[in-house]
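Notes follow once the structure below has been shown.
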Amino acid sequence: MAKIGCTCGHTIRDQTDSLPYKASLLRDVDRDPFFDWLIEETQSFVDAAQRGTVDAWLLEKGYGPGYVALNLTHGHILHDHIHSKYLEYERDVYECTNCGRVLIETSQPNNFASFSPDVQAAKNLLSD
């Protein structure tokens with residue numbers, strides 16, 4: 001997403017990484033399924049690496065021959081694999097730098113519910 005409008009009229013921009021007003025949310029109901037998947041997939045990858053069958057593992061997991069041909073390190077492969085799964089679970093959270101309102105992505109991608117702080121002094125919660 002490039003930008004989102006806050007109800008105060010401010011435009012929240014998301015055009016780079018490491019934004020101090022952006023976070024990701026992993027719902028409690030998704031935490032255990034995600035980490036259970038992580039344990040299983042990591043062990044599966046380690047087993048494939050020990051057998052020397054990482055290429056076959058990647059193809060079995062749905063990666064194409066072009067990805068396999070990149071010959072990435074085990075760390076980069078695991079990063080990509082874990083990150084893509086994490087993106088299925090996480091929701092984006094933004095804090096308006098103008099009014100402090102927090103916008104949380106709903107189950108519909110790029111759709112947000114917003115919540116305002118009880119006191120104006122509660123701004124910059126994500127950058128602390």
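Chain identifiers are assigned as A, B, and so on, following the order in which chains appear in the structure tokens; residues are numbered from 1 within each chain, and ligands are numbered from 1 in order of appearance.
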(request) Enumerate as a PyMOL selection string all residues of segment 5-95 of chain A assigned to helix (DSSP H, G or I) by DSSP on the backbone, naming them with the chain letters and numbers the document uses. (result) chain A and resi 28-51+54-60+65-68+74-89
(request) Excluding Pro33 of chain A and any residue of its chain fewer than 5 positions from it, enumerate the residues within 12 Å of it, using only C-alpha atoms, and give them as number ranges by chain. (result) A: 26-28, 38-40, 85-86, 88-89
(request) Name the residues in contact with segment 8-19 of chain A at a cut-off of 12 Å, using only C-alpha atoms, excluding same-chain residues fewer than 4 positions from it; report them as a PyMOL selection string. (result) chain A and resi 1-4+23-24+92-103+110+114-116+124+126-127
(message) Taking the DSSP secondary structure from the backbone, can you list the residues of chain A that are strand (DSSP E or B), as a PyMOL selection string?
(response) chain A and resi 3-5+11-13+22-25+91-95+102-105+112-115
(request) Might you pull out every residue within 8 Å of segment 49-56 of chain A, with only C-alpha atoms counted and same-chain residues fewer than 4 positions away left off, and present them as a PyMOL selection string? (result) chain A and resi 45+60+68
Next, write the just-selected residues to a file, as a short mmCIF file (atom, residue, chain, number, x, y, z; two decimals), in the first residue's frame, keeping all heavy atoms as the atom set.
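So the final result, stored in result.cif, reads:
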```
data_model
loop_
_atom_site.label_atom_id
_atom_site.label_comp_id
_atom_site.auth_asym_id
_atom_site.auth_seq_id
_atom_site.Cartn_x
_atom_site.Cartn_y
_atom_site.Cartn_z
N PHE A 45 12.96 -28.55 6.58
CA PHE A 45 14.06 -27.97 5.81
C PHE A 45 15.40 -28.52 6.28
O PHE A 45 16.26 -28.86 5.46
CB PHE A 45 14.04 -26.44 5.89
CG PHE A 45 15.16 -25.82 5.11
CD1 PHE A 45 15.04 -25.63 3.75
CD2 PHE A 45 16.35 -25.46 5.73
CE1 PHE A 45 16.09 -25.08 3.01
CE2 PHE A 45 17.39 -24.91 5.01
CZ PHE A 45 17.26 -24.71 3.64
N GLU A 60 8.80 -29.05 -3.95
CA GLU A 60 7.66 -29.63 -3.25
C GLU A 60 6.83 -28.56 -2.54
O GLU A 60 5.60 -28.65 -2.45
CB GLU A 60 8.16 -30.66 -2.23
CG GLU A 60 7.09 -31.27 -1.36
CD GLU A 60 7.69 -32.14 -0.27
OE1 GLU A 60 8.55 -32.98 -0.57
OE2 GLU A 60 7.30 -31.95 0.91
N VAL A 68 14.77 -21.89 -7.43
CA VAL A 68 15.79 -22.89 -7.11
C VAL A 68 17.12 -22.48 -7.75
O VAL A 68 18.19 -22.60 -7.12
CB VAL A 68 15.36 -24.29 -7.58
CG1 VAL A 68 16.49 -25.30 -7.40
CG2 VAL A 68 14.10 -24.74 -6.83
#
```
(request) Provide the atom CA of Ser107 of chain A to atom CA of Val119 of chain A distance in Å, to one decimal place. (result) 27.7 Å
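For the set A:Thr7, A:Leu70, A:Ile104, A:Gly75, the residue with the smallest atom-to-atom gap to Glu90 of chain A is A:Ile104, counting only C-alpha atoms.
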(request) Could you jot down the atom CA of Thr106 of chain A to atom CA of Arg31 of chain A separation for me, Å, one decimal place? (result)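 Atom CA of Thr106 of chain A sits 16.9 Å away from atom CA of Arg31 of chain A.
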